[in-house]
Amino acid sequence: MKQSQLFTKTIKETPKDETSFNAQVLIRAGFIDKVGAGIYNFLPFGLKVLNKINNIVREEMATVSGQEVLMTALTPKEVWQATDRWDNFDALFKLTGNDDKEYALGATHEEIVTPLAKKFLCSYKELPKSIYQIQVKFRNEKRAKAGLLRGREFFMKDMYSFHTDQADLDKYYEEVKEAYFRIYERVGLKDLTYLTYSSGGAFSKFSHEFQTVTEAGEDHIYICPDCKVAVNREIIGEHNFCPVCNKAELKEEKAIEVGNIFKLGTKFSHAFDMKYMDNSGQAQEVIMGCYGMGPSRVMGTVVEVFHDDKGITWPEAIAPFKIHLLSLKENEAAEKIYSELIKNNIEVLFDDREDIGAGQKFADADLIGCPYRLVVSSKTLQLGGVELKARTSDQMEIIPLDSIINKFSHK
RNA sequence: CGGGGUGUGGCCCAGUUGGUAAGGCGUCUGGUUUGGGACCAGAAGAUCGUGGGUUCGAGUCCCGCCACCCCGACCA
């Protein structure tokens with residue numbers, strides 16, 4: 001991508017109606033744009049990052065046999081009435097069609113996925129199955145805040161699994177737990193992310209959240225230093241000890257909930273009368289689990305965790321580009337490098353803008369936060385190459401032109 | 001939903017005891033620059049969130065509404 005052709009440009013001043021760091025820097029760098037409280041446009045850079053996160057999620061959901069679908073965002077009133085949530089889920093955005101038929105914008109999809117799965121999963125021979133989607137969700141939050149961390153419209157990966165019995169759900173649940181940690185590892189958050197015990201509802205003692213420790217978080221968790229698991233404050237009254245080792249000295253931290261997995265039991269299969277035939281010909285209620293993760297919230301969390309005073313420091317796996325190539329009045333030489341990188345499928349943002357000072361190009365590169373910066377100038381060409389600098393390092397080195405491709409095909 | 005705060009060109013903002021809006025960023029033109037958000041000269045761009053009211057006169061004072069931000073409550 002050539003920066004001279006880019007739809008967006010960076011903004012020097014911090015937007016005054018945002019105080020959360022992730023929103024400020026993502027807006028300034030041109031990743032997102034604000035439309036209203038908790039409502040953001042995703043711009044070219046932002047969409048690239050979001051898609052990278054989504055693709056990691058897709059790869060890991062595939063390892064637990066999740067099949068991707070796309071369900072409706074417009075959901076009829078009747079399905080919510082079936083579970084008694086039309087009047088009890090106050091974050092539902094409700095609307096009325098021309099025929100006076102009422103709908104809600106999808107806030108979660110148990111009410112859609114259960115009738116859907118009922119059509120196909122009828123026998124023990126067809127279970128277990130797991131389907132998921134990555135979709136915009138709508139929640140009428142009383143108070144949206146903190147940029148991408150809590151929006152009224154946000155991206156969610158929601159997966160639902162269907163099982164013949166509790167033991168099968170329990171086993172699958174553990175597999176998904178592992179897949180979630182692989183996702184956090186790949187996006188760079190694993191070291192700060194704790195399996196967190198939370199309230200479980202009617203069908204299991206606990207549900208599990210994945211909480212990433214950062215000052216920007218709005219949840220409070222209590223971490224067991226020995227077991228590396230945590231307890232959410234919402235249940236700390238009844239469980240003020242580590243659920244794994246019973247240790248009582250837990251460390252309080254602020255954290256962002258970047259995922260949540262939940263054993264639903266038969267709550268929804270019962271409401272929609274979803275049963276399967278067992279091998280003796282008896283109809284049995286299906287056991288369900290659900291597994292949520294917000295890619296847009298993950299993106300905001302990554303920004304809260306990976307930045308310095310100059311801008312974002314993207315982990316390589318989800319950076320909008322691997323390399324930011326800056327031409328300081330040497331577009332001809334830089335253009336050759338750019339074409340070579342493109343030819344070798346190495347993602348590069350090429351700052352080919354003319355009449356833009358070096359200072360601004362450096363400042364933009366730091367703000368946008370690609371992992372590696374290559375500078376081409378008369379100085380570097382005289383030294384026989386280009387200057388290479390990692391975003392998170394102060395060290396620069398001159399590398400020969402013919403070594404660039406080799407260097408980055410391996411990184 | 002309670003409490004607090006803020007609304008002035010695309011963005012950040014100044015605006016005194018009420019007298020018709022200043023500056024910076026960005027944009028456009030010309031020139032000078034080019035390794036850390038450059039400089040000079042010129043230009044365009046504002047029904048001051050919105051609706052009432054007070055006044056000879058309202059960005060400024062009063063009332064309603066709206067939007068945004070923060071704290072809290074809420075967040076299967």
# chains A, B, ... in the order shown; residues from 1 in each chain; ligands from 1

call {"tool": "interface_residues", "arguments": {"of": "chain B", "to": "chain A", "cutoff": "7 Å", "atoms": "only C-alpha atoms (C1' of nucleotides)", "output": "PyMOL selection string"}}
result
chain B and resi 11-12+34-37+68-69

call {"tool": "write_last_selection", "arguments": {"atoms": "C-alpha atoms (C1' of nucleotides)", "output": "tab-separated table (two decimals), in the first residue's frame"}}
result
chain	number	residue	atom	x	y	z
B	11	C	C1'	-9.47	18.78	13.91
B	12	C	C1'	-7.40	21.34	18.64
B	34	U	C1'	14.10	17.87	3.39
B	35	G	C1'	17.05	12.41	9.09
B	36	G	C1'	12.27	13.63	13.99
B	37	G	C1'	5.36	16.38	13.13
B	68	C	C1'	-20.22	13.67	23.67
B	69	C	C1'	-16.86	12.62	27.92

call {"tool": "residues_around", "arguments": {"residues": "G2 of chain B", "least_positions_apart": "5", "cutoff": "12 Å", "atoms": "only C-alpha atoms (C1' of nucleotides)", "output": "MDAnalysis selection string"}}
result
chainID B and resid 71:74

call {"tool": "write_last_selection", "arguments": {"atoms": "C-alpha atoms (C1' of nucleotides)", "output": "JSON list (two decimals), in the first residue's frame"}}
result
[["chain", "number", "residue", "atom", "x", "y", "z"],
["B", 71, "C", "C1'", -17.57, 8.74, 38.07],
["B", 72, "G", "C1'", -21.19, 5.31, 39.79],
["B", 73, "A", "C1'", -25.08, 1.61, 38.91],
["B", 74, "C", "C1'", -25.76, -2.03, 34.97]]

call {"tool": "closest_residue", "arguments": {"among": "A:Ala117, A:Ile287, A:Ile256, A:Cys122", "to": "Asp170 of chain A", "atoms": "only C-alpha atoms"}}
result
A:Ile287

call {"tool": "residues_around", "arguments": {"residues": "G19 of chain B", "least_positions_apart": "6", "cutoff": "12 Å", "atoms": "only C-alpha atoms (C1' of nucleotides)", "output": "list of chain:residue names"}}
result
B:U55, B:C56, B:G57, B:A58, B:U60

call {"tool": "select_by_dssp", "arguments": {"residues": "segment 130-377 of chain A", "states": "strand (DSSP E or B)", "output": "mmCIF file with N, CA and C atoms, in the first residue's frame"}}
result
data_model
loop_
_atom_site.group_PDB
_atom_site.id
_atom_site.type_symbol
_atom_site.label_atom_id
_atom_site.label_comp_id
_atom_site.auth_asym_id
_atom_site.auth_seq_id
_atom_site.Cartn_x
_atom_site.Cartn_y
_atom_site.Cartn_z
ATOM 1 N N SER A 130 -20.268 -28.198 16.345
ATOM 2 C CA SER A 130 -19.944 -26.881 16.870
ATOM 3 C C SER A 130 -19.945 -25.889 15.713
ATOM 4 N N ILE A 131 -20.708 -24.824 15.841
ATOM 5 C CA ILE A 131 -20.697 -23.801 14.791
ATOM 6 C C ILE A 131 -20.439 -22.430 15.412
ATOM 7 N N TYR A 132 -19.843 -21.582 14.591
ATOM 8 C CA TYR A 132 -19.543 -20.244 15.101
ATOM 9 C C TYR A 132 -19.692 -19.239 13.985
ATOM 10 N N GLN A 133 -19.721 -17.979 14.389
ATOM 11 C CA GLN A 133 -19.742 -16.888 13.424
ATOM 12 C C GLN A 133 -18.898 -15.738 13.959
ATOM 13 N N ILE A 134 -18.483 -14.876 13.045
ATOM 14 C CA ILE A 134 -17.863 -13.609 13.427
ATOM 15 C C ILE A 134 -18.754 -12.539 12.840
ATOM 16 N N GLN A 135 -19.330 -11.736 13.720
ATOM 17 C CA GLN A 135 -20.414 -10.867 13.275
ATOM 18 C C GLN A 135 -20.483 -9.614 14.134
ATOM 19 N N VAL A 136 -21.097 -8.598 13.592
ATOM 20 C CA VAL A 136 -21.349 -7.401 14.397
ATOM 21 C C VAL A 136 -22.470 -7.704 15.381
ATOM 22 N N LYS A 137 -22.239 -7.358 16.627
ATOM 23 C CA LYS A 137 -23.263 -7.510 17.648
ATOM 24 C C LYS A 137 -23.700 -6.129 18.103
ATOM 25 N N PHE A 138 -24.949 -6.056 18.539
ATOM 26 C CA PHE A 138 -25.500 -4.785 19.003
ATOM 27 C C PHE A 138 -25.943 -4.918 20.452
ATOM 28 N N LYS A 145 -18.171 3.014 26.590
ATOM 29 C CA LYS A 145 -16.981 3.755 27.005
ATOM 30 C C LYS A 145 -15.709 3.069 26.560
ATOM 31 N N ARG A 150 -15.671 -1.165 24.985
ATOM 32 C CA ARG A 150 -17.071 -1.376 25.309
ATOM 33 C C ARG A 150 -17.964 -0.565 24.394
ATOM 34 N N GLU A 153 -21.916 -1.273 19.279
ATOM 35 C CA GLU A 153 -21.825 -2.122 18.100
ATOM 36 C C GLU A 153 -20.387 -2.623 18.066
ATOM 37 N N PHE A 154 -20.209 -3.923 18.059
ATOM 38 C CA PHE A 154 -18.852 -4.456 18.151
ATOM 39 C C PHE A 154 -18.804 -5.816 17.471
ATOM 40 N N PHE A 155 -17.602 -6.275 17.219
ATOM 41 C CA PHE A 155 -17.463 -7.574 16.573
ATOM 42 C C PHE A 155 -17.370 -8.665 17.620
ATOM 43 N N MET A 156 -18.032 -9.771 17.316
ATOM 44 C CA MET A 156 -17.971 -10.894 18.234
ATOM 45 C C MET A 156 -17.850 -12.189 17.454
ATOM 46 N N LYS A 157 -16.968 -13.039 17.975
ATOM 47 C CA LYS A 157 -16.953 -14.423 17.540
ATOM 48 C C LYS A 157 -17.772 -15.173 18.571
ATOM 49 N N ASP A 158 -18.868 -15.747 18.132
ATOM 50 C CA ASP A 158 -19.645 -16.550 19.076
ATOM 51 C C ASP A 158 -19.818 -17.956 18.518
ATOM 52 N N MET A 159 -19.367 -18.907 19.318
ATOM 53 C CA MET A 159 -19.448 -20.318 18.914
ATOM 54 C C MET A 159 -20.401 -21.042 19.864
ATOM 55 N N TYR A 160 -21.113 -22.011 19.316
ATOM 56 C CA TYR A 160 -22.083 -22.784 20.103
ATOM 57 C C TYR A 160 -21.850 -24.250 19.815
ATOM 58 N N SER A 161 -21.770 -25.047 20.870
ATOM 59 C CA SER A 161 -21.543 -26.478 20.676
ATOM 60 C C SER A 161 -22.727 -27.277 21.214
ATOM 61 N N PHE A 162 -22.931 -28.449 20.607
ATOM 62 C CA PHE A 162 -24.099 -29.284 20.903
ATOM 63 C C PHE A 162 -23.613 -30.700 21.199
ATOM 64 N N HIS A 163 -24.054 -31.228 22.334
ATOM 65 C CA HIS A 163 -23.524 -32.505 22.809
ATOM 66 C C HIS A 163 -24.643 -33.415 23.302
ATOM 67 N N THR A 193 -2.850 -12.679 30.218
ATOM 68 C CA THR A 193 -4.239 -13.133 30.191
ATOM 69 C C THR A 193 -4.444 -14.334 31.112
ATOM 70 N N TYR A 194 -5.423 -14.225 31.991
ATOM 71 C CA TYR A 194 -5.661 -15.247 33.013
ATOM 72 C C TYR A 194 -7.024 -15.896 32.831
ATOM 73 N N LEU A 195 -7.021 -17.194 32.961
ATOM 74 C CA LEU A 195 -8.291 -17.900 33.071
ATOM 75 C C LEU A 195 -8.930 -17.443 34.369
ATOM 76 N N THR A 196 -10.141 -16.922 34.268
ATOM 77 C CA THR A 196 -10.763 -16.294 35.430
ATOM 78 C C THR A 196 -12.101 -16.952 35.727
ATOM 79 N N TYR A 197 -12.251 -17.394 36.954
ATOM 80 C CA TYR A 197 -13.490 -18.048 37.351
ATOM 81 C C TYR A 197 -14.546 -16.999 37.615
ATOM 82 N N SER A 198 -15.713 -17.236 37.054
ATOM 83 C CA SER A 198 -16.788 -16.268 37.173
ATOM 84 C C SER A 198 -18.091 -17.008 37.477
ATOM 85 N N SER A 199 -19.149 -16.243 37.649
ATOM 86 C CA SER A 199 -20.393 -16.907 38.040
ATOM 87 C C SER A 199 -20.872 -17.834 36.928
ATOM 88 N N PHE A 206 -19.013 -22.699 37.786
ATOM 89 C CA PHE A 206 -18.350 -21.502 37.288
ATOM 90 C C PHE A 206 -18.528 -21.386 35.779
ATOM 91 N N SER A 207 -18.444 -20.165 35.276
ATOM 92 C CA SER A 207 -18.096 -19.996 33.868
ATOM 93 C C SER A 207 -16.668 -19.477 33.885
ATOM 94 N N HIS A 208 -16.081 -19.376 32.720
ATOM 95 C CA HIS A 208 -14.699 -18.907 32.668
ATOM 96 C C HIS A 208 -14.572 -17.712 31.755
ATOM 97 N N GLU A 209 -13.878 -16.734 32.269
ATOM 98 C CA GLU A 209 -13.536 -15.573 31.462
ATOM 99 C C GLU A 209 -12.046 -15.612 31.193
ATOM 100 N N PHE A 210 -11.656 -14.916 30.153
ATOM 101 C CA PHE A 210 -10.238 -14.728 29.881
ATOM 102 C C PHE A 210 -9.997 -13.243 30.090
ATOM 103 N N GLN A 211 -9.208 -12.925 31.092
ATOM 104 C CA GLN A 211 -9.028 -11.532 31.491
ATOM 105 C C GLN A 211 -7.579 -11.113 31.263
ATOM 106 N N THR A 212 -7.417 -10.016 30.523
ATOM 107 C CA THR A 212 -6.089 -9.489 30.257
ATOM 108 C C THR A 212 -5.792 -8.343 31.216
ATOM 109 N N VAL A 213 -4.726 -8.478 31.965
ATOM 110 C CA VAL A 213 -4.392 -7.490 32.984
ATOM 111 C C VAL A 213 -3.864 -6.207 32.335
ATOM 112 N N ASP A 219 -12.739 -4.485 34.761
ATOM 113 C CA ASP A 219 -13.041 -5.578 35.679
ATOM 114 C C ASP A 219 -11.944 -5.670 36.727
ATOM 115 N N HIS A 220 -12.303 -6.218 37.875
ATOM 116 C CA HIS A 220 -11.309 -6.465 38.916
ATOM 117 C C HIS A 220 -11.210 -7.962 39.116
ATOM 118 N N ILE A 221 -10.002 -8.468 39.019
ATOM 119 C CA ILE A 221 -9.817 -9.903 39.209
ATOM 120 C C ILE A 221 -8.791 -10.134 40.307
ATOM 121 N N TYR A 222 -8.829 -11.318 40.873
ATOM 122 C CA TYR A 222 -7.928 -11.682 41.963
ATOM 123 C C TYR A 222 -7.127 -12.888 41.524
ATOM 124 N N ILE A 223 -5.827 -12.672 41.371
ATOM 125 C CA ILE A 223 -4.977 -13.690 40.759
ATOM 126 C C ILE A 223 -4.296 -14.536 41.822
ATOM 127 N N VAL A 229 -4.288 -18.608 37.827
ATOM 128 C CA VAL A 229 -5.686 -18.421 37.477
ATOM 129 C C VAL A 229 -6.216 -17.288 38.350
ATOM 130 N N ALA A 230 -7.394 -16.819 38.026
ATOM 131 C CA ALA A 230 -7.934 -15.679 38.752
ATOM 132 C C ALA A 230 -9.410 -15.896 39.065
ATOM 133 N N VAL A 231 -9.918 -15.047 39.958
ATOM 134 C CA VAL A 231 -11.329 -15.064 40.316
ATOM 135 C C VAL A 231 -11.870 -13.672 40.046
ATOM 136 N N ASN A 232 -13.015 -13.591 39.419
ATOM 137 C CA ASN A 232 -13.613 -12.290 39.161
ATOM 138 C C ASN A 232 -14.204 -11.737 40.452
ATOM 139 N N LYS A 251 -3.964 -11.701 44.410
ATOM 140 C CA LYS A 251 -3.516 -10.353 44.058
ATOM 141 C C LYS A 251 -4.549 -9.670 43.169
ATOM 142 N N GLU A 252 -4.989 -8.490 43.592
ATOM 143 C CA GLU A 252 -6.007 -7.796 42.809
ATOM 144 C C GLU A 252 -5.372 -7.053 41.626
ATOM 145 N N GLU A 253 -6.020 -7.162 40.468
ATOM 146 C CA GLU A 253 -5.572 -6.436 39.281
ATOM 147 C C GLU A 253 -6.795 -5.961 38.499
ATOM 148 N N LYS A 254 -6.593 -4.907 37.717
ATOM 149 C CA LYS A 254 -7.638 -4.497 36.771
ATOM 150 C C LYS A 254 -7.415 -5.235 35.467
ATOM 151 N N ALA A 255 -8.489 -5.599 34.815
ATOM 152 C CA ALA A 255 -8.346 -6.432 33.625
ATOM 153 C C ALA A 255 -9.498 -6.205 32.656
ATOM 154 N N ILE A 256 -9.243 -6.577 31.408
ATOM 155 C CA ILE A 256 -10.265 -6.512 30.354
ATOM 156 C C ILE A 256 -10.689 -7.938 30.021
ATOM 157 N N GLU A 257 -11.987 -8.159 29.961
ATOM 158 C CA GLU A 257 -12.491 -9.483 29.608
ATOM 159 C C GLU A 257 -12.392 -9.654 28.092
ATOM 160 N N VAL A 258 -11.479 -10.505 27.665
ATOM 161 C CA VAL A 258 -11.266 -10.689 26.226
ATOM 162 C C VAL A 258 -11.896 -11.983 25.714
ATOM 163 N N GLY A 259 -12.587 -12.692 26.580
ATOM 164 C CA GLY A 259 -13.270 -13.901 26.137
ATOM 165 C C GLY A 259 -14.062 -14.473 27.286
ATOM 166 N N ASN A 260 -15.034 -15.292 26.947
ATOM 167 C CA ASN A 260 -15.889 -15.879 27.973
ATOM 168 C C ASN A 260 -16.440 -17.186 27.428
ATOM 169 N N ILE A 261 -16.296 -18.252 28.190
ATOM 170 C CA ILE A 261 -16.883 -19.527 27.769
ATOM 171 C C ILE A 261 -17.841 -20.002 28.853
ATOM 172 N N PHE A 262 -18.883 -20.680 28.420
ATOM 173 C CA PHE A 262 -20.018 -20.870 29.303
ATOM 174 C C PHE A 262 -20.695 -22.198 28.990
ATOM 175 N N LYS A 263 -20.977 -22.955 30.010
ATOM 176 C CA LYS A 263 -21.752 -24.184 29.806
ATOM 177 C C LYS A 263 -23.230 -23.844 29.941
ATOM 178 N N LEU A 264 -23.950 -24.019 28.867
ATOM 179 C CA LEU A 264 -25.359 -23.630 28.869
ATOM 180 C C LEU A 264 -26.265 -24.750 29.360
ATOM 181 N N GLY A 265 -25.758 -25.974 29.362
ATOM 182 C CA GLY A 265 -26.611 -27.095 29.752
ATOM 183 C C GLY A 265 -27.767 -27.250 28.776
ATOM 184 N N LYS A 275 -34.162 -31.789 20.731
ATOM 185 C CA LYS A 275 -33.824 -33.107 21.270
ATOM 186 C C LYS A 275 -33.164 -33.957 20.204
ATOM 187 N N TYR A 276 -32.454 -34.952 20.658
ATOM 188 C CA TYR A 276 -31.876 -35.904 19.704
ATOM 189 C C TYR A 276 -32.317 -37.304 20.100
ATOM 190 N N MET A 277 -32.243 -38.228 19.156
ATOM 191 C CA MET A 277 -32.552 -39.636 19.451
ATOM 192 C C MET A 277 -31.290 -40.316 19.954
ATOM 193 N N ALA A 283 -35.808 -39.875 23.034
ATOM 194 C CA ALA A 283 -35.504 -38.463 22.770
ATOM 195 C C ALA A 283 -34.854 -37.858 24.011
ATOM 196 N N GLN A 284 -33.716 -37.181 23.800
ATOM 197 C CA GLN A 284 -32.986 -36.578 24.919
ATOM 198 C C GLN A 284 -32.690 -35.108 24.608
ATOM 199 N N GLU A 285 -32.678 -34.298 25.644
ATOM 200 C CA GLU A 285 -32.346 -32.892 25.421
ATOM 201 C C GLU A 285 -30.851 -32.740 25.112
ATOM 202 N N ILE A 287 -27.247 -30.997 25.123
ATOM 203 C CA ILE A 287 -26.452 -30.196 26.057
ATOM 204 C C ILE A 287 -25.633 -29.195 25.246
ATOM 205 N N MET A 288 -25.644 -27.946 25.673
ATOM 206 C CA MET A 288 -24.973 -26.911 24.867
ATOM 207 C C MET A 288 -23.881 -26.160 25.639
ATOM 208 N N GLY A 289 -22.948 -25.633 24.860
ATOM 209 C CA GLY A 289 -21.954 -24.722 25.410
ATOM 210 C C GLY A 289 -21.848 -23.513 24.499
ATOM 211 N N CYS A 290 -21.391 -22.384 25.026
ATOM 212 C CA CYS A 290 -21.158 -21.242 24.148
ATOM 213 C C CYS A 290 -19.831 -20.574 24.505
ATOM 214 N N TYR A 291 -19.247 -19.941 23.492
ATOM 215 C CA TYR A 291 -17.852 -19.517 23.590
ATOM 216 C C TYR A 291 -17.716 -18.174 22.877
ATOM 217 N N GLY A 292 -17.567 -17.108 23.620
ATOM 218 C CA GLY A 292 -17.541 -15.783 23.021
ATOM 219 C C GLY A 292 -16.164 -15.150 23.055
ATOM 220 N N MET A 293 -15.910 -14.321 22.063
ATOM 221 C CA MET A 293 -14.674 -13.532 22.040
ATOM 222 C C MET A 293 -14.918 -12.333 21.129
ATOM 223 N N HIS A 307 2.006 -0.241 23.441
ATOM 224 C CA HIS A 307 2.204 1.108 22.926
ATOM 225 C C HIS A 307 3.316 1.779 23.719
ATOM 226 N N ASP A 308 3.801 2.890 23.187
ATOM 227 C CA ASP A 308 4.676 3.755 23.969
ATOM 228 C C ASP A 308 4.179 5.183 23.778
ATOM 229 N N GLY A 311 3.232 6.022 20.017
ATOM 230 C CA GLY A 311 2.179 5.363 19.256
ATOM 231 C C GLY A 311 2.069 3.886 19.583
ATOM 232 N N ILE A 312 1.502 3.168 18.626
ATOM 233 C CA ILE A 312 1.216 1.751 18.831
ATOM 234 C C ILE A 312 2.470 0.933 18.507
ATOM 235 N N ILE A 323 6.162 -4.171 7.428
ATOM 236 C CA ILE A 323 7.210 -3.175 7.221
ATOM 237 C C ILE A 323 6.615 -1.826 6.845
ATOM 238 N N HIS A 324 7.167 -0.779 7.418
ATOM 239 C CA HIS A 324 6.856 0.571 6.972
ATOM 240 C C HIS A 324 8.103 1.097 6.264
ATOM 241 N N LEU A 325 7.993 1.245 4.970
ATOM 242 C CA LEU A 325 9.118 1.677 4.143
ATOM 243 C C LEU A 325 9.023 3.181 3.921
ATOM 244 N N LEU A 326 10.017 3.931 4.397
ATOM 245 C CA LEU A 326 9.990 5.381 4.255
ATOM 246 C C LEU A 326 11.003 5.822 3.213
ATOM 247 N N SER A 327 10.533 6.579 2.265
ATOM 248 C CA SER A 327 11.443 7.170 1.297
ATOM 249 C C SER A 327 11.696 8.621 1.675
ATOM 250 N N VAL A 348 3.805 -4.452 3.181
ATOM 251 C CA VAL A 348 4.583 -3.231 3.349
ATOM 252 C C VAL A 348 3.711 -2.003 3.101
ATOM 253 N N LEU A 349 3.878 -1.037 3.977
ATOM 254 C CA LEU A 349 3.285 0.280 3.781
ATOM 255 C C LEU A 349 4.416 1.183 3.304
ATOM 256 N N PHE A 350 4.241 1.770 2.133
ATOM 257 C CA PHE A 350 5.305 2.544 1.493
ATOM 258 C C PHE A 350 4.981 4.024 1.612
ATOM 259 N N ASP A 351 5.755 4.735 2.414
ATOM 260 C CA ASP A 351 5.550 6.182 2.525
ATOM 261 C C ASP A 351 6.289 6.865 1.378
ATOM 262 N N TYR A 372 8.521 -3.160 11.735
ATOM 263 C CA TYR A 372 9.842 -2.818 11.208
ATOM 264 C C TYR A 372 9.769 -1.586 10.331
ATOM 265 N N ARG A 373 10.800 -0.754 10.446
ATOM 266 C CA ARG A 373 10.867 0.456 9.637
ATOM 267 C C ARG A 373 12.098 0.387 8.751
ATOM 268 N N LEU A 374 11.883 0.607 7.473
ATOM 269 C CA LEU A 374 13.003 0.682 6.531
ATOM 270 C C LEU A 374 13.052 2.107 6.000
ATOM 271 N N VAL A 375 14.219 2.734 6.117
ATOM 272 C CA VAL A 375 14.366 4.095 5.610
ATOM 273 C C VAL A 375 15.325 4.082 4.429
ATOM 274 N N VAL A 376 14.880 4.682 3.345
ATOM 275 C CA VAL A 376 15.746 4.844 2.173
ATOM 276 C C VAL A 376 16.018 6.331 2.003
#

call {"tool": "atom_distance", "arguments": {"atom1": "atom CA of Tyr40 of chain A", "atom2": "atom C1' of G51 of chain B"}}
result
29.2 Å

call {"tool": "residues_around", "arguments": {"residues": "C63 of chain B", "least_positions_apart": "2", "cutoff": "12 Å", "atoms": "only C-alpha atoms (C1' of nucleotides)", "output": "list in words"}}
result
G51, G52, G53, U54, C61 and C65 of chain B

call {"tool": "write_last_selection", "arguments": {"atoms": "N, CA and C atoms (P, O5', C5', C4', C3', O3' and C1' of nucleotides)", "output": "compact mmCIF listing (two decimals), in the first residue's frame"}}
result
# COMPACT_ATOMS: atom_id res chain seq x y z
P G B 51 -32.15 26.07 15.82
O5' G B 51 -33.35 26.09 16.85
C5' G B 51 -34.42 25.16 16.70
C4' G B 51 -35.37 25.30 17.85
C3' G B 51 -35.71 26.72 18.26
O3' G B 51 -36.67 27.30 17.40
C1' G B 51 -35.26 25.45 20.19
P G B 52 -36.95 28.88 17.49
O5' G B 52 -37.80 28.94 18.82
C5' G B 52 -37.84 30.13 19.54
C4' G B 52 -38.38 29.88 20.93
C3' G B 52 -38.29 31.09 21.83
O3' G B 52 -39.38 31.96 21.64
C1' G B 52 -37.30 29.27 22.92
P G B 53 -39.04 33.49 21.31
O5' G B 53 -38.61 33.99 22.75
C5' G B 53 -39.49 33.78 23.86
C4' G B 53 -38.77 34.00 25.17
C3' G B 53 -38.15 35.38 25.35
O3' G B 53 -39.10 36.36 25.69
C1' G B 53 -36.64 33.71 26.09
P U B 54 -38.86 37.87 25.27
O5' U B 54 -37.71 38.33 26.26
C5' U B 54 -37.94 38.39 27.67
C4' U B 54 -36.69 38.84 28.38
C3' U B 54 -36.07 40.12 27.83
O3' U B 54 -36.72 41.29 28.34
C1' U B 54 -34.39 38.49 28.15
P C B 61 -22.78 33.01 30.01
O5' C B 61 -24.12 33.80 30.41
C5' C B 61 -24.11 34.77 31.45
C4' C B 61 -25.53 35.21 31.76
C3' C B 61 -26.56 34.08 31.77
O3' C B 61 -26.58 33.39 33.00
C1' C B 61 -27.40 35.91 30.51
P C B 65 -35.32 19.06 29.58
O5' C B 65 -34.95 18.75 28.05
C5' C B 65 -35.96 18.29 27.14
C4' C B 65 -35.46 18.37 25.73
C3' C B 65 -34.23 17.54 25.41
O3' C B 65 -34.52 16.17 25.19
C1' C B 65 -33.95 19.69 24.50

call {"tool": "closest_residue", "arguments": {"among": "B:U17, B:U6, B:U27, B:U33", "to": "G49 of chain B", "atoms": "only C-alpha atoms (C1' of nucleotides)"}}
result
B:U6

call {"tool": "atom_distance", "arguments": {"atom1": "atom CA of Ile337 of chain A", "atom2": "atom CA of Ile53 of chain A"}}
result
27.7 Å

call {"tool": "atom_distance", "arguments": {"atom1": "atom CA of Val244 of chain A", "atom2": "atom CA of Leu192 of chain A"}}
result
18.9 Å

call {"tool": "residues_around", "arguments": {"residues": "Lys9 of chain A", "least_positions_apart": "6", "cutoff": "10 Å", "atoms": "only C-alpha atoms (C1' of nucleotides)", "output": "list of chain:residue names"}}
result
A:Gln3, A:Ile27, A:Arg28, A:Ala29, A:Gly30, A:Phe31, A:Asp364
